[in-house]
Structures are given as C-alpha cells and as structure tokens.
$ cat my_file_19.cif   # mmCIF, C-alpha atoms
data_protein
loop_
_atom_site.label_atom_id
_atom_site.label_comp_id
_atom_site.auth_asym_id
_atom_site.auth_seq_id
_atom_site.Cartn_x
_atom_site.Cartn_y
_atom_site.Cartn_z
CA MET A 1 158.64 158.38 122.81
CA SER A 2 157.57 160.72 120.00
CA ARG A 3 154.72 159.69 117.74
CA ASN A 4 156.18 159.76 114.25
CA TYR A 5 153.19 158.44 112.33
CA LYS A 6 151.49 160.81 109.90
CA ILE A 7 147.78 161.61 109.94
CA PRO A 8 146.37 162.69 106.55
CA THR A 9 144.98 166.19 106.20
CA ILE A 10 141.33 167.01 105.45
CA LYS A 11 142.42 167.92 101.91
CA GLU A 12 144.03 164.51 101.45
CA LEU A 13 140.92 162.77 102.83
CA PHE A 14 138.80 164.82 100.42
CA GLU A 15 141.00 163.96 97.43
CA ALA A 16 140.74 160.26 98.34
CA GLY A 17 136.94 160.48 98.40
CA VAL A 18 136.56 159.59 102.06
CA HIS A 19 133.59 162.00 102.27
CA PHE A 20 131.35 160.03 99.91
CA GLY A 21 128.69 158.07 101.78
CA HIS A 22 125.90 155.87 100.45
CA HIS A 23 122.69 156.80 98.68
CA THR A 24 120.20 158.50 101.00
CA ARG A 25 117.87 155.50 100.89
CA ARG A 26 120.69 153.27 102.16
CA TRP A 27 121.68 154.77 105.46
CA HIS A 28 121.61 154.09 109.17
CA PRO A 29 119.96 156.82 111.31
CA ALA A 30 122.70 156.45 113.96
CA MET A 31 125.18 157.86 111.41
CA GLU A 32 123.22 161.12 111.13
CA SER A 33 125.59 163.07 113.38
CA TYR A 34 128.51 162.27 111.03
CA ILE A 35 126.70 163.45 107.87
CA PHE A 36 127.54 166.97 106.67
CA THR A 37 125.04 167.32 103.82
CA VAL A 38 123.33 165.58 100.89
CA LYS A 39 124.40 165.99 97.27
CA ASN A 40 122.71 164.26 94.32
CA ASP A 41 120.96 161.91 96.77
CA ILE A 42 124.34 160.89 98.25
CA HIS A 43 125.21 161.51 101.89
CA ILE A 44 128.37 163.58 102.32
CA ILE A 45 130.37 162.74 105.44
CA ASP A 46 131.77 165.49 107.68
CA LEU A 47 135.53 165.17 107.14
CA GLU A 48 136.36 167.24 110.23
CA GLN A 49 134.77 164.52 112.33
CA SER A 50 136.44 161.82 110.21
CA LEU A 51 139.84 163.37 110.91
CA GLU A 52 139.12 163.74 114.62
CA LYS A 53 137.97 160.11 114.91
CA LEU A 54 140.93 158.88 112.86
CA GLU A 55 143.36 160.66 115.20
CA LYS A 56 141.74 159.03 118.25
CA ALA A 57 141.78 155.59 116.61
CA CYS A 58 145.44 155.93 115.63
CA GLU A 59 146.38 157.09 119.13
CA PHE A 60 144.62 154.08 120.65
CA LEU A 61 146.24 151.58 118.26
CA TYR A 62 149.63 153.23 118.73
CA GLU A 63 149.37 152.75 122.50
CA THR A 64 148.06 149.18 122.04
CA ALA A 65 150.98 148.24 119.79
CA LYS A 66 153.43 149.98 122.13
CA LYS A 67 152.23 147.74 124.97
CA GLY A 68 152.86 144.66 122.81
CA GLY A 69 149.20 143.88 122.10
CA ASP A 70 148.25 141.91 118.99
CA ILE A 71 145.97 143.65 116.51
CA ILE A 72 143.99 141.93 113.74
CA PHE A 73 143.18 143.80 110.52
CA VAL A 74 139.93 142.55 108.97
CA GLY A 75 138.81 143.34 105.42
CA THR A 76 137.24 140.70 103.18
CA LYS A 77 135.85 142.96 100.44
CA ARG A 78 137.44 142.09 97.12
CA GLN A 79 138.58 145.68 96.49
CA CYS A 80 140.28 146.09 99.87
CA ARG A 81 141.82 142.66 100.54
CA GLU A 82 145.26 143.49 99.17
CA ILE A 83 145.32 146.91 100.85
CA VAL A 84 144.46 145.41 104.25
CA GLU A 85 146.94 142.53 103.90
CA LEU A 86 149.85 144.74 102.82
CA GLY A 87 149.11 147.27 105.57
CA ALA A 88 148.98 144.56 108.24
CA LYS A 89 152.19 142.89 107.03
CA ARG A 90 154.03 146.21 106.97
CA CYS A 91 153.21 147.05 110.59
CA GLY A 92 153.43 143.49 111.97
CA ALA A 93 149.70 143.06 112.62
CA LYS A 94 147.70 139.89 111.95
CA PHE A 95 145.05 139.90 109.23
CA VAL A 96 141.95 138.20 107.84
CA THR A 97 141.15 139.01 104.21
CA GLU A 98 139.32 135.92 102.94
CA ARG A 99 136.68 134.89 105.46
CA TRP A 100 136.35 135.41 109.18
CA LEU A 101 136.11 131.96 110.71
CA GLY A 102 133.53 131.81 113.48
CA GLY A 103 135.29 131.38 116.82
CA THR A 104 138.53 133.13 115.81
CA ILE A 105 138.29 135.13 119.05
CA THR A 106 135.73 133.29 121.18
CA ASN A 107 137.15 129.79 120.48
CA PHE A 108 140.74 130.61 119.62
CA HIS A 109 142.05 127.19 120.74
CA ILE A 110 140.18 125.62 117.81
CA ILE A 111 141.65 128.10 115.33
CA LYS A 112 145.12 127.59 116.84
CA LYS A 113 144.94 123.90 115.93
CA ASN A 114 144.64 124.88 112.26
CA VAL A 115 147.43 127.47 112.65
CA ASP A 116 149.72 124.83 114.20
CA LYS A 117 148.75 122.39 111.47
CA LEU A 118 149.69 124.92 108.80
CA ILE A 119 153.07 125.54 110.47
CA ASP A 120 153.80 121.79 110.65
CA LYS A 121 152.79 121.17 107.03
CA LYS A 122 154.87 124.07 105.75
CA LYS A 123 157.87 122.95 107.78
CA GLY A 124 157.50 119.39 106.54
CA ARG A 125 157.38 120.53 102.92
CA GLU A 126 160.43 122.78 103.33
CA GLU A 127 162.45 120.03 105.01
CA GLY A 128 161.49 117.44 102.38
CA ALA A 129 159.48 115.27 104.76
CA PHE A 130 156.91 114.61 102.02
CA ASP A 131 159.39 113.68 99.28
CA LYS A 132 158.79 109.98 99.90
CA TYR A 133 155.09 110.40 99.14
CA THR A 134 153.56 109.86 95.70
CA LYS A 135 153.00 112.78 93.36
CA LYS A 136 149.25 112.64 94.02
CA GLU A 137 149.75 112.61 97.80
CA ARG A 138 152.09 115.62 97.61
CA LEU A 139 149.54 117.44 95.47
CA LEU A 140 146.85 116.84 98.10
CA ILE A 141 149.20 118.13 100.81
CA ASP A 142 149.93 121.25 98.74
CA ARG A 143 146.21 121.86 98.33
CA GLU A 144 145.69 121.45 102.08
CA ILE A 145 148.47 123.96 102.80
CA GLU A 146 146.95 126.39 100.31
CA LYS A 147 143.52 126.08 101.94
CA LEU A 148 144.91 126.49 105.46
CA ASN A 149 147.01 129.45 104.37
CA LYS A 150 143.95 131.08 102.83
CA ASN A 151 141.90 130.64 106.01
CA VAL A 152 144.42 131.19 108.82
CA GLY A 153 147.68 132.25 107.16
CA GLY A 154 147.25 135.82 108.33
CA LEU A 155 146.99 134.69 111.96
CA LEU A 156 150.40 133.03 112.15
CA GLY A 157 152.14 134.19 115.29
CA LEU A 158 148.92 134.98 117.15
CA LYS A 159 149.37 133.37 120.56
CA GLY A 160 145.96 134.12 122.03
CA VAL A 161 143.08 136.55 122.04
CA PRO A 162 144.16 139.82 120.37
CA ALA A 163 144.13 143.20 122.10
CA ALA A 164 141.97 144.86 119.42
CA ILE A 165 140.66 144.52 115.87
CA PHE A 166 140.58 147.01 113.01
CA VAL A 167 137.74 146.47 110.54
CA VAL A 168 136.91 147.84 107.11
CA ASP A 169 133.10 147.87 106.87
CA PRO A 170 131.72 146.53 110.18
CA LYS A 171 128.38 145.74 108.51
CA ARG A 172 130.06 143.19 106.26
CA GLU A 173 132.35 141.97 109.05
CA LYS A 174 129.53 141.64 111.58
CA THR A 175 130.73 138.22 112.81
CA ALA A 176 134.18 139.58 113.67
CA VAL A 177 132.67 142.65 115.36
CA SER A 178 130.17 140.51 117.30
CA GLU A 179 132.92 138.19 118.59
CA ALA A 180 135.12 141.12 119.60
CA ILE A 181 132.26 142.74 121.52
CA LYS A 182 131.44 139.44 123.22
CA ALA A 183 135.07 139.10 124.29
CA GLY A 184 135.20 142.72 125.48
CA LEU A 185 137.72 143.80 122.85
CA PRO A 186 137.92 147.34 121.43
CA VAL A 187 136.86 147.63 117.78
CA VAL A 188 138.29 150.25 115.42
CA ALA A 189 136.37 150.53 112.15
CA LEU A 190 136.18 152.47 108.91
CA ILE A 191 132.41 152.85 108.81
CA ASP A 192 130.15 154.13 106.03
CA THR A 193 126.73 155.79 106.33
CA ASN A 194 124.87 152.46 106.00
CA SER A 195 126.30 150.96 109.22
CA ASP A 196 125.50 151.27 112.92
CA PRO A 197 128.38 152.99 114.77
CA ARG A 198 126.99 152.48 118.27
CA SER A 199 128.74 149.15 118.87
CA ILE A 200 132.09 150.40 117.52
CA THR A 201 134.60 151.63 120.10
CA TYR A 202 136.51 153.85 117.67
CA PRO A 203 134.37 154.55 114.58
CA ILE A 204 136.05 156.35 111.65
CA PRO A 205 133.25 157.71 109.45
CA GLY A 206 134.23 157.39 105.80
CA ASN A 207 133.80 155.71 102.45
CA ASP A 208 134.54 151.99 102.99
CA ASP A 209 133.96 150.95 99.36
CA ALA A 210 136.41 152.99 97.28
CA ILE A 211 140.00 151.77 96.97
CA LYS A 212 141.58 155.23 97.49
CA SER A 213 139.49 155.95 100.56
CA THR A 214 140.26 152.58 102.13
CA ALA A 215 143.95 152.88 101.27
CA ILE A 216 144.47 156.28 102.95
CA ILE A 217 142.76 155.15 106.18
CA VAL A 218 144.54 151.77 106.30
CA LYS A 219 147.88 153.53 105.71
CA ALA A 220 147.30 155.88 108.65
CA ILE A 221 146.26 153.00 110.91
CA ALA A 222 149.24 150.85 109.83
CA ASP A 223 151.65 153.77 110.37
CA ALA A 224 150.38 154.21 113.93
CA VAL A 225 150.72 150.50 114.73
CA GLU A 226 154.16 150.32 113.14
CA ASN A 227 155.30 153.35 115.13
CA GLY A 228 154.00 151.79 118.35
CA CYS A 229 155.94 148.58 117.65
CA LYS A 230 159.12 150.55 116.96
CA ASP A 231 158.77 152.50 120.19
CA ILE A 232 158.30 149.36 122.29
CA ASN A 233 161.49 147.98 120.73
CA GLU A 234 163.34 151.22 121.51
CA GLU A 235 162.09 151.17 125.10
CA SER A 236 163.18 147.53 125.43
CA LYS A 237 166.69 148.51 124.34
CA GLU A 238 166.73 151.36 126.86
CA ASP A 239 165.54 149.02 129.62
CA VAL A 240 168.35 146.60 128.82
CA LYS A 241 170.92 149.42 128.98
CA LEU A 242 169.55 150.59 132.34
CA LYS A 243 169.66 147.07 133.76
CA GLU A 244 173.24 146.62 132.56
CA ALA A 245 174.21 149.98 134.08
CA LYS A 246 172.60 149.06 137.41
CA LYS A 247 174.41 145.73 137.42
CA GLY A 248 177.71 147.47 136.77
CA LYS A 249 177.47 150.01 139.63
CA PRO A 250 177.36 147.62 142.59
CA ALA A 251 180.26 145.65 141.17
CA LYS A 252 182.47 148.76 141.17
CA LYS A 253 181.56 149.61 144.79
CA VAL A 254 182.48 146.11 145.99
CA ALA A 255 185.78 146.34 144.15
CA LYS A 256 186.64 149.65 145.89
CA LYS A 257 185.86 148.25 149.35
CA THR A 258 188.02 145.22 148.66
CA ILE A 259 190.95 147.43 147.65
CA LYS A 260 190.65 149.50 150.86
CA LYS A 261 190.81 146.35 152.98
#

$ encode --input "my_file_19.cif" --output "structure tokens"
Amino acid sequence: MSRNYKIPTIKELFEAGVHFGHHTRRWHPAMESYIFTVKNDIHIIDLEQSLEKLEKACEFLYETAKKGGDIIFVGTKRQCREIVELGAKRCGAKFVTERWLGGTITNFHIIKKNVDKLIDKKKGREEGAFDKYTKKERLLIDREIEKLNKNVGGLLGLKGVPAAIFVVDPKREKTAVSEAIKAGLPVVALIDTNSDPRSITYPIPGNDDAIKSTAIIVKAIADAVENGCKDINEESKEDVKLKEAKKGKPAKKVAKKTIKK
C-alpha cells in the first residue's frame, strides 16, 4: 500500500517555529547533537535532523497502525490538550490530555474497571435507567460520569496494553514514558532541548511549548496513523475478496466433474 500521509517541509517547520529551543541555561546535554546554534541565548534546533526524525517516527507509527496496534497520544499541557485530542480522534488513536493515571499501562486491568464503569454509566443515562432517581442523585451520577470521562474518556475502546505511545514533552509526561519503558513499549516524542532523549525510541527534536509547533508535528503523526488504519482496512477488504475467490474456484471444479459423470 502507498503511504499517502504528508510530511511537512523544513520551510513549514521553520514557519511553525519548531526550531526554537529553550534558553541556554535550561538545556539537557544529551540534546547537544540536535542543536544547530545559539541565538540571543536561545538554542536553535537543527531542522534537518527534526525532519529526518519525524519521517522515521511517522513511518514507525504508520506500520504500527497498519498492523492494528493501539496508539495513545499523550499531551497534558494546557496549550496542546485540544490539539492532541483532535489529532487522536481524527486518526482513531486513544488519548490522555488531562492527567496520566499511574498504572495506565503497567496495571491496565485497574484502569479498565473505570473505563467499563464509564461505559455502563453512560449507557444507563442514555437508556433512562436513572430517571427513577431523585434530581440530586442524577446530578451526582452526572458528576461521576464527567469525572470518569475526564480521566479515562480518551481510553474508551482500549482493550489492553497499547502498541506504542506518542508524547508531547516527555519531561512533563515522565510517568507515561516511565511506564512505557517498563512495559517495553516504543515511545515517540516531540522533545525540546531541556529533555533527555536517550530513553525515547523515536525522538523528534522540536519546540514542544508553542501551539503552532505542536500542531504541525501532531498533524503529521496523526496523518501517518490515519493512513495506516486506512491501509489495514483496504488490505482486509482485499483478503476477503481473495478468500471468496478461492472458495468459488473449487465449487466450479466439482460442478464440472459432476456434469461429466
């Protein structure tokens, strides 16, 4: 299958401000190889490397989605929550934009209880199962649904441990990254000059604070995942056609033999 997702150009990355790192006094030495220069005491990230790393990350997530693996988008910074959520919803990925609950990966069965609880509560409200309750009781149920939705709403449909996670700012999302590493899961991350890239499987050096920078990277990642999901669906259709064709051939041969007899 052809890869139809679009990777932004260096010019587009530049216009989005992906090259702006942190102040020189706020940096991690392990990011030195990704730094192009310093301007006004600000580290400037090498966009050629950013593009190269982004291409590798997109290729990996495309293949992961194509194999049917679940991917969780993680971004709890106020300025990137909406971008991460919309990107994940568009490509069919799961997401965490409020707070990463400890054990989401390492103790998924505990998290699944809350996910199942949310599904049951929502279903009960839609079917009118709570209509017999008092107004105060219904209000408490609504608040519980709202709280559950805030904490685990983005994980609905997740059946087990995901295949990979995509993180905006691994320094902030250190709990999610730590759990993924402990579980042996690949981590893709948009990582600024103040973070340690050594524990990240697919680091994408870039500005993880600015809205435009985050948006252009999340869009590329979401496009790759969406394309992978589309290709697995297309391959499934082709497999069904092949199976039907194979089933049809023997039937015709038997019919011919019967006629000859």

$ resolve_selection --input "my_file_19.cif" --expression "the PyMOL selection byres ((chain A and resi 223) around 12)" --output "PyMOL selection string"
chain A and resi 3-8+55+57-59+61-62+65+86-93+215-222+224-230

$ resolve_selection --input "my_file_19.cif" --expression "the PyMOL selection byres ((chain A and resi 39) around 12)" --output "list in words"
His19, Phe20, Gly21, His22, His23, Thr24, Ile35, Phe36, Thr37, Val38, Asn40, Asp41, Ile42, His43, Ile44 and Ile45 of chain A

$ resolve_selection --input "my_file_19.cif" --expression "the PyMOL selection byres ((chain A and resi 30) around 12)" --output "PyMOL selection string"
chain A and resi 27-29+31-35+191-200+203+205

$ residues_around --input "my_file_19.cif" --residues "A:Lys112" --least-positions-apart "3" --cutoff "12 Å" --atoms "only C-alpha atoms" --output "list in words"
Leu101, Gly103, Thr104, Ile105, Thr106, Asn107, Phe108, His109, Val115, Asp116, Lys117, Leu118, Ile119, Leu148, Asn151, Val152, Gly153, Leu155, Leu156, Gly157, Leu158, Lys159, Gly160 and Val161 of chain A

$ closest_residue --input "my_file_19.cif" --among "A:Ala16, A:Ile110, A:Leu47, A:Val74" --to "A:Thr175" --atoms "all atoms listed in the file"
A:Val74

$ residues_around --input "my_file_19.cif" --residues "A:Phe130" --least-positions-apart "6" --cutoff "10 Å" --atoms "all atoms listed in the file" --output "list in words"
Lys121, Gly124, Glu137, Arg138 and Ile141 of chain A

$ closest_residue --input "my_file_19.cif" --among "A:Asn114, A:Gln49, A:Thr9, A:Ser178" --to "A:Gly206" --atoms "all atoms listed in the file"
A:Gln49

$ atom_distance --input "my_file_19.cif" --atom1 "atom CA of A:Asp70" --atom2 "atom CA of A:Pro186"
11.9 Å

$ residues_around --input "my_file_19.cif" --residues "A:Ile204" --least-positions-apart "4" --cutoff "7 Å" --atoms "all atoms listed in the file" --output "PyMOL selection string"
chain A and resi 50+53-54+189-191

$ closest_residue --input "my_file_19.cif" --among "A:Leu140, A:Ile211, A:Val18, A:Val188" --to "A:Ala163" --atoms "all atoms listed in the file"
A:Val188
